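Trainee: If you scroll down you'll find the structure; I have some questions about it.
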Amino acid sequence: VCLGRFDPALANGARIRAEFGIPADALVVTMVAVLRSLKRHDLFIRAAIRLKQQFPGIRFLLVGEGPGRASIEGLIQSSGLTSDCILAGYRDDVPDILAASDIVALTSDRFEGVPQSLSQAMAMARPVVAAPVGSIRELVLHGQTGLLAETGSADSFAQHIARLASDPALRSTLGSAAREHVLAGYTDDIMARKTEDFYRYLLARKVKK
């Protein structure tokens, strides 16, 4: 994560809310991901259906482009979420997008390395909900730096997002801890050093053989 860009003190979330007509007091749940099947936007939308019933006025912001856009648009329409979901497309102002968000989710159910969308959201002190696949379980420590939903379960995602939506204090606590976790182990410099150390380890093993 580039700390220079992803700094909560520098981002302008109010501009994003104004652009999309989102009231200042509305809860915003965001997902930043390429629009393709492995990201499981269908789970996000199914969770949104449940959350809309519980939290009137909640908005869902989907950021990204990809081959699945048409099917996702169709699913939003058929689910009756046209006025609640915003398909923002590709954006180069992700820090501001995250600043406008209350909760960030990633519904992928297949292997993920260290997802940039999650590490960036955490750097912006936003509480996150994701499934424990790949390296996500190292980044998102359940109940400490975020919440882990059951892989592939829209109900589980809805329950965990609802927990955060209902508890501003928990959102603040997890968001602060998330930022500290990223600063301690997932900045660009740290990740580059870890990669370099790994290659040195592989080289040392090769030399020993």
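Letters A, B, ... mark the chains of the structure tokens in the order given; residue numbers begin at 1 per chain; ligand numbers begin at 1, in order shown.
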For Met124 (chain A), work out the shell of residues within 6 Å, counting only C-alpha atoms and skipping chain neighbours fewer than 4 positions away, then give it as a list in words.

Mentor: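 Selected residues are Phe6, Asp7 and Pro8 of chain A.
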
Trainee: Those selected residues, please, written with N, CA and C atoms and delivered as a compact mmCIF listing (two decimals), in the first residue's frame.

Mentor:
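Final output, saved to again.txt:
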```txt
# COMPACT_ATOMS: atom_id res chain seq x y z
N PHE A 6 -2.95 6.60 0.37
CA PHE A 6 -4.03 6.07 1.20
C PHE A 6 -3.89 6.55 2.64
N ASP A 7 -4.23 7.82 2.79
CA ASP A 7 -4.16 8.50 4.08
C ASP A 7 -5.53 9.11 4.37
N PRO A 8 -6.21 8.63 5.41
CA PRO A 8 -7.56 9.14 5.70
C PRO A 8 -7.61 10.65 5.87
```

Trainee: My list of candidates is A:Asn12, A:Ser101, A:Thr30, A:Ser37. Which is closest to Gly66 (chain A) when distances are computed with only C-alpha atoms?

Mentor: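 For Gly66 (chain A), the nearest of the given residues is A:Ser37.
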
Trainee: Could the residues of region 55-107 of chain A that have an atom at most 12 Å from region 173-188 of chain A be listed as JSON lines, each with its closest atom pair and the distance in Å to one decimal, counting only C-alpha atoms and ordered by chain and ascending residue number?

Mentor:
```
{"residue": "A:Leu98", "atom": "CA", "partner": "A:Gly175", "partner_atom": "CA", "distance": 11.8}
{"residue": "A:Ala99", "atom": "CA", "partner": "A:Gly175", "partner_atom": "CA", "distance": 11.6}
{"residue": "A:Ser101", "atom": "CA", "partner": "A:Gly175", "partner_atom": "CA", "distance": 11.6}
{"residue": "A:Asp102", "atom": "CA", "partner": "A:Gly175", "partner_atom": "CA", "distance": 9.6}
{"residue": "A:Ile103", "atom": "CA", "partner": "A:Gly175", "partner_atom": "CA", "distance": 9.2}
{"residue": "A:Val104", "atom": "CA", "partner": "A:Gly175", "partner_atom": "CA", "distance": 10.3}
```

Trainee: Quick one: residues within 8 Å of region 19-27 of chain A, only C-alpha atoms, excluding same-chain residues fewer than 3 positions away - as number ranges by chain?

Mentor: A: 14-16, 57-59, 86, 101-102, 165

Trainee: Write out the residues from the selection above, keeping N, CA, C and O atoms, as a PDB file, in the first residue's frame.

Mentor:
```pdb
ATOM      1  N   ALA A  14     -16.502  13.344   0.945  1.00  0.00           N
ATOM      2  CA  ALA A  14     -17.697  14.163   0.722  1.00  0.00           C
ATOM      3  C   ALA A  14     -17.896  14.449  -0.768  1.00  0.00           C
ATOM      4  O   ALA A  14     -19.033  14.506  -1.259  1.00  0.00           O
ATOM      5  N   ARG A  15     -16.802  14.597  -1.493  1.00  0.00           N
ATOM      6  CA  ARG A  15     -16.894  14.853  -2.935  1.00  0.00           C
ATOM      7  C   ARG A  15     -17.540  13.674  -3.651  1.00  0.00           C
ATOM      8  O   ARG A  15     -18.372  13.850  -4.553  1.00  0.00           O
ATOM      9  N   ILE A  16     -17.178  12.462  -3.259  1.00  0.00           N
ATOM     10  CA  ILE A  16     -17.733  11.253  -3.868  1.00  0.00           C
ATOM     11  C   ILE A  16     -19.218  11.136  -3.563  1.00  0.00           C
ATOM     12  O   ILE A  16     -20.039  10.840  -4.445  1.00  0.00           O
ATOM     13  N   GLY A  57     -32.224   3.112   3.348  1.00  0.00           N
ATOM     14  CA  GLY A  57     -31.332   4.198   2.942  1.00  0.00           C
ATOM     15  C   GLY A  57     -29.897   3.786   2.709  1.00  0.00           C
ATOM     16  O   GLY A  57     -29.082   4.585   2.243  1.00  0.00           O
ATOM     17  N   ILE A  58     -29.567   2.524   3.013  1.00  0.00           N
ATOM     18  CA  ILE A  58     -28.205   2.039   2.792  1.00  0.00           C
ATOM     19  C   ILE A  58     -27.891   2.053   1.290  1.00  0.00           C
ATOM     20  O   ILE A  58     -28.767   1.821   0.462  1.00  0.00           O
ATOM     21  N   ARG A  59     -26.644   2.350   0.947  1.00  0.00           N
ATOM     22  CA  ARG A  59     -26.225   2.366  -0.452  1.00  0.00           C
ATOM     23  C   ARG A  59     -25.067   1.385  -0.652  1.00  0.00           C
ATOM     24  O   ARG A  59     -24.258   1.166   0.264  1.00  0.00           O
ATOM     25  N   ILE A  86     -24.780   1.449  -6.880  1.00  0.00           N
ATOM     26  CA  ILE A  86     -24.109   2.345  -7.824  1.00  0.00           C
ATOM     27  C   ILE A  86     -22.956   1.587  -8.462  1.00  0.00           C
ATOM     28  O   ILE A  86     -22.049   1.111  -7.763  1.00  0.00           O
ATOM     29  N   SER A 101     -16.857   5.626   2.133  1.00  0.00           N
ATOM     30  CA  SER A 101     -17.439   4.330   2.510  1.00  0.00           C
ATOM     31  C   SER A 101     -17.412   4.116   4.023  1.00  0.00           C
ATOM     32  O   SER A 101     -16.491   4.549   4.704  1.00  0.00           O
ATOM     33  N   ASP A 102     -18.430   3.427   4.518  1.00  0.00           N
ATOM     34  CA  ASP A 102     -18.468   3.050   5.931  1.00  0.00           C
ATOM     35  C   ASP A 102     -17.930   1.656   6.161  1.00  0.00           C
ATOM     36  O   ASP A 102     -17.331   1.371   7.204  1.00  0.00           O
ATOM     37  N   ALA A 165     -22.724  -2.371  10.489  1.00  0.00           N
ATOM     38  CA  ALA A 165     -23.659  -1.283  10.210  1.00  0.00           C
ATOM     39  C   ALA A 165     -24.389  -0.836  11.473  1.00  0.00           C
ATOM     40  O   ALA A 165     -24.724   0.343  11.621  1.00  0.00           O
TER      41      ALA A 165
END
```

Trainee: Which residues in region 24-193 of chain A does DSSP call strand (DSSP E)? List them as a PyMOL selection string.

Mentor: chain A and resi 28-32+59-63+85-89+103-106+128-130+147-148

Trainee: Filtering to N, CA and C atoms, could you give me those residues as a JSON list (two decimals), in the first residue's frame?

Mentor:
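Listing of result06.json after writing:
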```
[["chain", "number", "residue", "atom", "x", "y", "z"],
["A", 28, "VAL", "N", -22.75, 3.47, 3.59],
["A", 28, "VAL", "CA", -22.26, 3.06, 2.29],
["A", 28, "VAL", "C", -21.38, 1.81, 2.44],
["A", 29, "VAL", "N", -21.77, 0.75, 1.74],
["A", 29, "VAL", "CA", -20.98, -0.49, 1.71],
["A", 29, "VAL", "C", -20.36, -0.59, 0.32],
["A", 30, "THR", "N", -19.06, -0.73, 0.27],
["A", 30, "THR", "CA", -18.33, -0.65, -1.00],
["A", 30, "THR", "C", -17.56, -1.93, -1.29],
["A", 31, "MET", "N", -17.49, -2.26, -2.58],
["A", 31, "MET", "CA", -16.62, -3.35, -3.03],
["A", 31, "MET", "C", -15.84, -2.84, -4.23],
["A", 32, "VAL", "N", -14.52, -2.94, -4.13],
["A", 32, "VAL", "CA", -13.64, -2.53, -5.23],
["A", 32, "VAL", "C", -13.02, -3.78, -5.81],
["A", 59, "ARG", "N", -26.64, 2.35, 0.95],
["A", 59, "ARG", "CA", -26.23, 2.37, -0.45],
["A", 59, "ARG", "C", -25.07, 1.39, -0.65],
["A", 60, "PHE", "N", -25.00, 0.84, -1.86],
["A", 60, "PHE", "CA", -23.96, -0.13, -2.21],
["A", 60, "PHE", "C", -23.18, 0.39, -3.41],
["A", 61, "LEU", "N", -21.88, 0.51, -3.23],
["A", 61, "LEU", "CA", -21.03, 1.11, -4.25],
["A", 61, "LEU", "C", -20.08, 0.06, -4.81],
["A", 62, "LEU", "N", -20.25, -0.25, -6.09],
["A", 62, "LEU", "CA", -19.42, -1.25, -6.76],
["A", 62, "LEU", "C", -18.45, -0.53, -7.70],
["A", 63, "VAL", "N", -17.17, -0.67, -7.42],
["A", 63, "VAL", "CA", -16.15, 0.06, -8.17],
["A", 63, "VAL", "C", -15.30, -0.92, -8.96],
["A", 85, "CYS", "N", -27.92, 0.49, -5.59],
["A", 85, "CYS", "CA", -26.57, 0.12, -6.01],
["A", 85, "CYS", "C", -26.04, 1.12, -7.03],
["A", 86, "ILE", "N", -24.78, 1.45, -6.88],
["A", 86, "ILE", "CA", -24.11, 2.35, -7.82],
["A", 86, "ILE", "C", -22.96, 1.59, -8.46],
["A", 87, "LEU", "N", -23.01, 1.44, -9.78],
["A", 87, "LEU", "CA", -21.90, 0.85, -10.52],
["A", 87, "LEU", "C", -21.01, 2.00, -10.98],
["A", 88, "ALA", "N", -19.93, 2.21, -10.28],
["A", 88, "ALA", "CA", -19.11, 3.40, -10.51],
["A", 88, "ALA", "C", -18.10, 3.24, -11.64],
["A", 89, "GLY", "N", -17.89, 1.99, -12.10],
["A", 89, "GLY", "CA", -16.90, 1.77, -13.14],
["A", 89, "GLY", "C", -15.48, 1.92, -12.61],
["A", 103, "ILE", "N", -18.16, 0.78, 5.18],
["A", 103, "ILE", "CA", -17.76, -0.62, 5.29],
["A", 103, "ILE", "C", -17.28, -1.05, 3.91],
["A", 104, "VAL", "N", -16.23, -1.87, 3.86],
["A", 104, "VAL", "CA", -15.72, -2.38, 2.59],
["A", 104, "VAL", "C", -15.75, -3.90, 2.63],
["A", 105, "ALA", "N", -16.29, -4.50, 1.59],
["A", 105, "ALA", "CA", -16.40, -5.96, 1.52],
["A", 105, "ALA", "C", -15.68, -6.49, 0.28],
["A", 106, "LEU", "N", -15.24, -7.74, 0.38],
["A", 106, "LEU", "CA", -14.70, -8.46, -0.77],
["A", 106, "LEU", "C", -15.23, -9.89, -0.70],
["A", 128, "VAL", "N", -13.45, -3.96, 7.32],
["A", 128, "VAL", "CA", -13.63, -4.81, 6.14],
["A", 128, "VAL", "C", -14.28, -6.14, 6.51],
["A", 129, "VAL", "N", -14.97, -6.70, 5.52],
["A", 129, "VAL", "CA", -15.55, -8.04, 5.64],
["A", 129, "VAL", "C", -15.12, -8.83, 4.41],
["A", 130, "ALA", "N", -14.54, -10.01, 4.63],
["A", 130, "ALA", "CA", -14.07, -10.83, 3.52],
["A", 130, "ALA", "C", -14.14, -12.29, 3.93],
["A", 147, "LEU", "N", -13.66, -8.51, 9.84],
["A", 147, "LEU", "CA", -14.53, -9.67, 10.09],
["A", 147, "LEU", "C", -14.42, -10.63, 8.92],
["A", 148, "LEU", "N", -14.40, -11.92, 9.23],
["A", 148, "LEU", "CA", -14.32, -12.96, 8.21],
["A", 148, "LEU", "C", -15.67, -13.65, 8.09]]
```

Trainee: Of the candidates A:Val94, A:Ile76, A:Ala123, A:Leu10, which shows the shortest atom-to-atom distance to Thr145 (chain A), using only C-alpha atoms?

Mentor: A:Ala123

Trainee: Determine which residues of region 79-143 of chain A receive a DSSP assignment of alpha helix (DSSP H), computed from the backbone, and state them as a ChimeraX atom specification.

Mentor: /A:94-99,116-123,136-139

Trainee: Considering only C-alpha atoms, state which residue in the set A:Pro95, A:Val140, A:Pro115, A:Tyr90 is at the smallest distance from Gly4 (chain A).

Mentor: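 Residue with the minimum atom-to-atom distance to Gly4 (chain A): A:Pro95.
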
Trainee: From the list A:Leu141, A:Ala70, A:Ile161, A:Ala18, which residue is nearest Ala47 (chain A) when using only C-alpha atoms?

Mentor: A:Ile161

Trainee: Pick out the closest residue to Ser156 (chain A) from this set: A:Ala131, A:Thr82, A:Glu138, A:Ala121. Count only C-alpha atoms.

Mentor: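 For Ser156 (chain A), the nearest of the given residues is A:Ala131.
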